[in-house]
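Following: one structure in structure tokens, then a few remarks.
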Amino acid sequence: MDQAATTPERTTQDRLARLGSVLFRFRSLFGLLAIVALAAVLSPSRNGANVFLEPRNLLNIVRFASENGIIAVGMTLVILTAGIDLSVGAVLALCAVGAASFLMRYGWGTLPTILAVLVIGAIVGFVNGFVTTRFNVQSFITTLAMLGVARGIASLWAGGYAIPLAFGDGPGLAPQSFKSMFAGSVPILGVGVPAPVFYFVGVGVVATFLLRRTGFGRHVYAVGGNETAARLSGVAVDRVKIIVFVISGLLAGLAALLHAALVNQGSHIDGNGYELNAIAAVVIGGTSLNGGVGTVAGSMIGAITLSVLDNILGLRNIQSEYQAILKGVIIVLAVMVQRQRR
Amino acid sequence: MDDAPILDIRQVSKRFPGVRALHDVSFEVARGEIHALVGENGAGKSTLMKILSGVYPDYDGEVVFDGAPLALSSPRDAQHRGIAIIHQELNLIPELTVAENIFLGREPRTAAGLLDRERMNREARALLARLNLAVPPDRPVKWLRVGEQQLVEVAKALSLDARLLILDEPTSALSQAEIDRLFAVVAGLKADGVTMIYISHKFDEVFRLADRVTVLRDGECIGTLPITATDAAALIRMMVGRSLSDLYPKEDATVGDEALRVEHLQLVPDEGRGGRDLRDISFVVRRGEIVGVAGLMGAGRTELLETLYGARPPRQVRGKVVVAGRERRIASPREAIEAGLAFVTEDRKTQGLALALSVAHNMTLAALGRFLRFDIVRQAEEHAAVLGEIEQLRIKVPGVDAEVGKLSGGNQQKVVLAKCLLTRPKVLMLDEPTRGIDVGAKAEIYAIISHLAQQGSAILMASSELPELLAMCDRVLVLCEGRLMAELSRAEATPERIMEAATARQQARTA
């Protein structure tokens, strides 16, 4: 647009434009609020109370958003560099199988298990990043291949079936501390806040800090915004890309710990399709798949939005097929809003 | 010839939220003339062209085209009315053939409804012949040179039977030979009765081609003059609203120590990949000096700067580079920056800036290390540095968080310059530092460069614009086919001598 002829007259048009830009900037949040309001209206009531708005239900929503949300934070970093990580669901499966194996088959304690699982996630992420940068392969391809490889390894490791987790203090049982660390709850103001919520929020805060306040964060945006310009400005582009894949793998590992503790097992079919949920959350949160534009907070809101949808549709006993269709519509709407603005 | 103007623009205004892009613009374009449109970036040229080509259907005022009011709903509509536009950035699809591009969306079909490739190629060949372009119509456009691609765009416009052809800075990416060829085509079209609006920053082109010229400034029409009734100085005055006493404010600088010494530099591109090689290039740049790099398109100007900057794979590079007395092996841009080199690239949009990011974040990207403690950005210091550069270089921005992509070309270029300066370079390398920016911003960039040299920076500046090199440089290196053919002092450097050296190898071959 031409810029020289700026005569700042305050017209109604300008004020509307200003309002529009505020609405646009916080579009994911407004979208979430709108869906929450709609859900509250549509919610069934029990004993005169709105089921949807019960604190326990609201906490559940965030709890169920946590796994996807944590993965989506890692996905956000990758997408900000204009990459994609399709392997996160499979990495979750591999890590969940790993966690179950370490705890049940090898009798490891909680801490060694956590460390080993996170290391596995990080190594897979490193391989994703290394292959993508060293051999100049699109990350779509690299991580699609990794999706198959990780799930295959998970299946071989598990022996083709789910490894059940039995918690207790005797021999042959997984330590109770693992269960309480990842699936317990902490009472705050009389309400039991599920443990996953803390990891979710913690990961979000740390990632936001990384992106907004550190040199690494600047480099992430620069690489996604214009890779050539970033390289010519002295940014170690390949290193930045490898690091975001490592973080993505690491967070898939963390999500696997939460998942295993929640469902009391580790299986090679865990996390099926999670990569798509994470991408959906990122997109709803306003991050551009072209890279360089987006926020972690948006992706977290996106994950919660998806969780609210699941929740209200579940409360209304609506078939899962409709849930899938509705989710699809919302994703497209979110992208359309962004296109409109360009 | 019909006396009524083919295009009559009457009191056209266009507003965007907060911006008055055009205000009461009126002028006429006579049938069959070449009408130049000049003005600084942001003067409203592109807005006006977007109205004429149907991109902006809403505006105030009236436009009469060929006797009837022009009410366009889309660019396609404009094509139907006989208005074609050739944009600065070409709109061809690289993978498709020349003919497919020309007939895109209007492909001839056989009776069976299938693509009539034979007819398409035949018609394309006829159009290309009219433009003297000897390119097979079934060749993919990506294999063509930029100048040839431009002519394909012209062929496309001709195939639409355009009666009004708008050329928006058509020569910005062309070599001199390609420009001459385009001008021959333009002259031919004029003889055929096609009316043209010619937008350009280059006055020599305007004076060479145009019959009349209209000047826009700040969205207003300053005046329309016969080209014979004006000169460059008068046009510049009209464009910037003040007289530019000197476009090239060269300051006297004291020449100091050697900042950059290059010995026997070679660039050997990988086998089979093509690309310009560099052979045995040696030169020196001292503090306070502005050294120019001249040469025709493809002579290796950009390659020379990129090689020095470590932007080429190290395995392709040989030779010795000494920066401020220390020999350096520069294998990446990162190492170049550490060694004290900075590089303002030729194309700010693809190589210089992340357009969606803020002014501040672009500006400090290369020098970010200075503002980090344990990798955490010290925002107060960063902010102060950014504000300092904005003030120093007089960059017009709504704020440090403004998106860089929304700035004008000149201001974008200043942001790139600021990014380089923040690294506190010993040697500043510039590639086409004033490409695609208006005359006012050009003068400012020249002033900045001049001032930097005066303060003791060493500057290596590659350019395809001879006037700029002649006016700014203390010495000029002339490249031809990757070889250093001449090193001319300011006194020796004349357009003739530079061109002679720049074409020496071609002449040797023909002799």
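Each chain of the structure tokens is named A, B, ... in the order shown, its residues numbered from 1; ligands are numbered from 1 in display order.
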
Next item on the list: Once DSSP has gone over the backbone, tell me which residues of range 268-408 of chain B are in strand (DSSP E or B), as a VMD selection string.
Entry: chain B and resid 278 to 286 290 to 294 317 to 323 326 to 328 341 to 344 358 372 to 373 376 to 377 403

Note to self: What's around range 277-293 of chain A at 7 Å? Count only C-alpha atoms, leave out sequence neighbours fewer than 2 positions away in its own chain, and write the answer as a list in words.
What the structure shows: Ser28, Asn68, Ile71, Ala72, Met75, Thr76, Ile79, Leu80, Thr81, Ala82, Tyr221, Ala222, Gly224, Gly225, Gly273, Tyr274, Glu275, Thr295, Gly298, Ser299, Ile301, Gly302, Ala303, Ile331, Ala334 and Val335 of chain A

Output C-alpha atoms for every residue in that selection, as an mmCIF file, in the first residue's frame.
```cif
data_model
loop_
_atom_site.group_PDB
_atom_site.id
_atom_site.type_symbol
_atom_site.label_atom_id
_atom_site.label_comp_id
_atom_site.auth_asym_id
_atom_site.auth_seq_id
_atom_site.Cartn_x
_atom_site.Cartn_y
_atom_site.Cartn_z
ATOM 1 C CA SER A 28 -7.875 -17.187 18.808
ATOM 2 C CA ASN A 68 -2.077 -32.196 22.715
ATOM 3 C CA ILE A 71 2.918 -31.471 21.653
ATOM 4 C CA ALA A 72 1.476 -28.403 19.942
ATOM 5 C CA MET A 75 5.026 -28.197 16.838
ATOM 6 C CA THR A 76 4.716 -24.412 17.036
ATOM 7 C CA ILE A 79 6.281 -24.586 12.200
ATOM 8 C CA LEU A 80 7.687 -21.154 13.063
ATOM 9 C CA THR A 81 10.864 -22.208 11.245
ATOM 10 C CA ALA A 82 8.639 -23.164 8.284
ATOM 11 C CA TYR A 221 11.358 -16.364 13.812
ATOM 12 C CA ALA A 222 14.119 -15.183 11.490
ATOM 13 C CA GLY A 224 10.968 -19.023 9.325
ATOM 14 C CA GLY A 225 10.525 -15.422 8.197
ATOM 15 C CA GLY A 273 -3.212 -39.019 14.643
ATOM 16 C CA TYR A 274 -1.836 -36.764 17.368
ATOM 17 C CA GLU A 275 0.348 -34.946 14.846
ATOM 18 C CA THR A 295 2.806 -17.557 19.112
ATOM 19 C CA GLY A 298 -2.121 -19.083 20.380
ATOM 20 C CA SER A 299 -1.357 -22.781 20.033
ATOM 21 C CA ILE A 301 -5.538 -21.616 23.139
ATOM 22 C CA GLY A 302 -5.995 -23.732 20.022
ATOM 23 C CA ALA A 303 -5.447 -26.926 22.014
ATOM 24 C CA ILE A 331 -9.928 -25.477 11.450
ATOM 25 C CA ALA A 334 -9.657 -20.352 11.553
ATOM 26 C CA VAL A 335 -7.512 -20.367 8.442
#
```

Interface rows for chain B against chain A: nearest pair, Å to one decimal, 8 Å, only C-alpha atoms, as JSON lines:
```
{"residue": "B:Pro17", "atom": "CA", "partner": "A:Asp14", "partner_atom": "CA", "distance": 5.3}
{"residue": "B:Gly18", "atom": "CA", "partner": "A:Pro8", "partner_atom": "CA", "distance": 5.5}
{"residue": "B:Val19", "atom": "CA", "partner": "A:Thr6", "partner_atom": "CA", "distance": 4.6}
{"residue": "B:Arg20", "atom": "CA", "partner": "A:Ala5", "partner_atom": "CA", "distance": 5.1}
{"residue": "B:Ala21", "atom": "CA", "partner": "A:Ala5", "partner_atom": "CA", "distance": 5.7}
{"residue": "B:Leu22", "atom": "CA", "partner": "A:Ala5", "partner_atom": "CA", "distance": 7.8}
{"residue": "B:Asn41", "atom": "CA", "partner": "A:Asp2", "partner_atom": "CA", "distance": 7.6}
{"residue": "B:Gly42", "atom": "CA", "partner": "A:Asp2", "partner_atom": "CA", "distance": 4.4}
{"residue": "B:Ala43", "atom": "CA", "partner": "A:Ala4", "partner_atom": "CA", "distance": 6.4}
{"residue": "B:Gly44", "atom": "CA", "partner": "A:Asp2", "partner_atom": "CA", "distance": 6.1}
{"residue": "B:Ser46", "atom": "CA", "partner": "A:Asp2", "partner_atom": "CA", "distance": 7.6}
{"residue": "B:Thr47", "atom": "CA", "partner": "A:Asp2", "partner_atom": "CA", "distance": 6.9}
{"residue": "B:Asp218", "atom": "CA", "partner": "A:Ala5", "partner_atom": "CA", "distance": 5.0}
{"residue": "B:Gly219", "atom": "CA", "partner": "A:Ala5", "partner_atom": "CA", "distance": 6.1}
{"residue": "B:Ala311", "atom": "CA", "partner": "A:Leu232", "partner_atom": "CA", "distance": 7.2}
{"residue": "B:Ser332", "atom": "CA", "partner": "A:Gly234", "partner_atom": "CA", "distance": 7.6}
{"residue": "B:Pro333", "atom": "CA", "partner": "A:Gly234", "partner_atom": "CA", "distance": 5.1}
{"residue": "B:Arg334", "atom": "CA", "partner": "A:Gly234", "partner_atom": "CA", "distance": 3.8}
{"residue": "B:Glu335", "atom": "CA", "partner": "A:Gly234", "partner_atom": "CA", "distance": 7.5}
{"residue": "B:Ile337", "atom": "CA", "partner": "A:Gly234", "partner_atom": "CA", "distance": 6.8}
{"residue": "B:Thr350", "atom": "CA", "partner": "A:Ala229", "partner_atom": "CA", "distance": 7.0}
{"residue": "B:Gln351", "atom": "CA", "partner": "A:Ala229", "partner_atom": "CA", "distance": 4.5}
{"residue": "B:Gly352", "atom": "CA", "partner": "A:Ala229", "partner_atom": "CA", "distance": 4.9}
{"residue": "B:Leu353", "atom": "CA", "partner": "A:Ala229", "partner_atom": "CA", "distance": 5.8}
{"residue": "B:Ala354", "atom": "CA", "partner": "A:Asn226", "partner_atom": "CA", "distance": 4.8}
{"residue": "B:Leu355", "atom": "CA", "partner": "A:Gly225", "partner_atom": "CA", "distance": 7.0}
{"residue": "B:Ala356", "atom": "CA", "partner": "A:Gly225", "partner_atom": "CA", "distance": 6.5}
{"residue": "B:Leu357", "atom": "CA", "partner": "A:Gly225", "partner_atom": "CA", "distance": 6.9}
{"residue": "B:His361", "atom": "CA", "partner": "A:Arg218", "partner_atom": "CA", "distance": 7.3}
{"residue": "B:Asn362", "atom": "CA", "partner": "A:Ala222", "partner_atom": "CA", "distance": 8.0}
{"residue": "B:Leu365", "atom": "CA", "partner": "A:Ser233", "partner_atom": "CA", "distance": 6.4}
{"residue": "B:Ala366", "atom": "CA", "partner": "A:Ser233", "partner_atom": "CA", "distance": 4.5}
{"residue": "B:Leu368", "atom": "CA", "partner": "A:Gly215", "partner_atom": "CA", "distance": 6.9}
{"residue": "B:Gly369", "atom": "CA", "partner": "A:Gly215", "partner_atom": "CA", "distance": 7.6}
{"residue": "B:Leu372", "atom": "CA", "partner": "A:Gly215", "partner_atom": "CA", "distance": 6.8}
{"residue": "B:Asp375", "atom": "CA", "partner": "A:Gly215", "partner_atom": "CA", "distance": 5.3}
{"residue": "B:Ile376", "atom": "CA", "partner": "A:Thr214", "partner_atom": "CA", "distance": 4.2}
{"residue": "B:Val377", "atom": "CA", "partner": "A:Thr214", "partner_atom": "CA", "distance": 5.3}
{"residue": "B:Lys406", "atom": "CA", "partner": "A:Met1", "partner_atom": "CA", "distance": 7.5}
{"residue": "B:Leu407", "atom": "CA", "partner": "A:Gln3", "partner_atom": "CA", "distance": 7.5}
{"residue": "B:Ser408", "atom": "CA", "partner": "A:Gln3", "partner_atom": "CA", "distance": 6.9}
```

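Pairwise distance (CA of Cys473 in chain B, CA of Ala367 in chain B) equals 27.4 Å.
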
Notebook entry, point to check: Gly39 in chain B: which residues within 6 Å, counting only C-alpha atoms, same-chain residues fewer than 4 positions away excluded, as a list in words?
Noted result: Ala43, Val215, Leu216, Arg217 and Met239 of chain B

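Take the candidates A:Asn311, A:Arg56, A:Ser177, A:Gln323 and check each one against Ala40 in chain A using only C-alpha atoms; the shortest distance goes to A:Asn311.
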
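Look at Val131 in chain A: the protein and nucleic acid residues within 10 Å of it, using only C-alpha atoms and passing over chain neighbours fewer than 5 places away, are Phe126, Asn136, Val137, Gln138, Ser139, Thr142, Thr143 and Ile242 of chain A.
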
May I have the residues from that selection written out with C-alpha atoms, as an mmCIF file, in the first residue's frame?
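Below you can see result-v9.cif, which holds the result:
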```
data_model
loop_
_atom_site.group_PDB
_atom_site.id
_atom_site.type_symbol
_atom_site.label_atom_id
_atom_site.label_comp_id
_atom_site.auth_asym_id
_atom_site.auth_seq_id
_atom_site.Cartn_x
_atom_site.Cartn_y
_atom_site.Cartn_z
ATOM 1 C CA PHE A 126 17.712 -34.767 16.584
ATOM 2 C CA ASN A 136 18.383 -30.890 2.573
ATOM 3 C CA VAL A 137 15.221 -33.000 2.711
ATOM 4 C CA GLN A 138 11.874 -31.336 3.375
ATOM 5 C CA SER A 139 10.884 -31.925 6.973
ATOM 6 C CA THR A 142 11.819 -36.695 6.976
ATOM 7 C CA THR A 143 9.224 -36.740 9.707
ATOM 8 C CA ILE A 242 17.847 -29.101 14.661
#
```

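Remark: for Val206 in chain A, the closest of the candidate residues A:Glu54, A:Gly74, A:Tyr161, A:Ala255 is A:Gly74 (distances computed over only C-alpha atoms).
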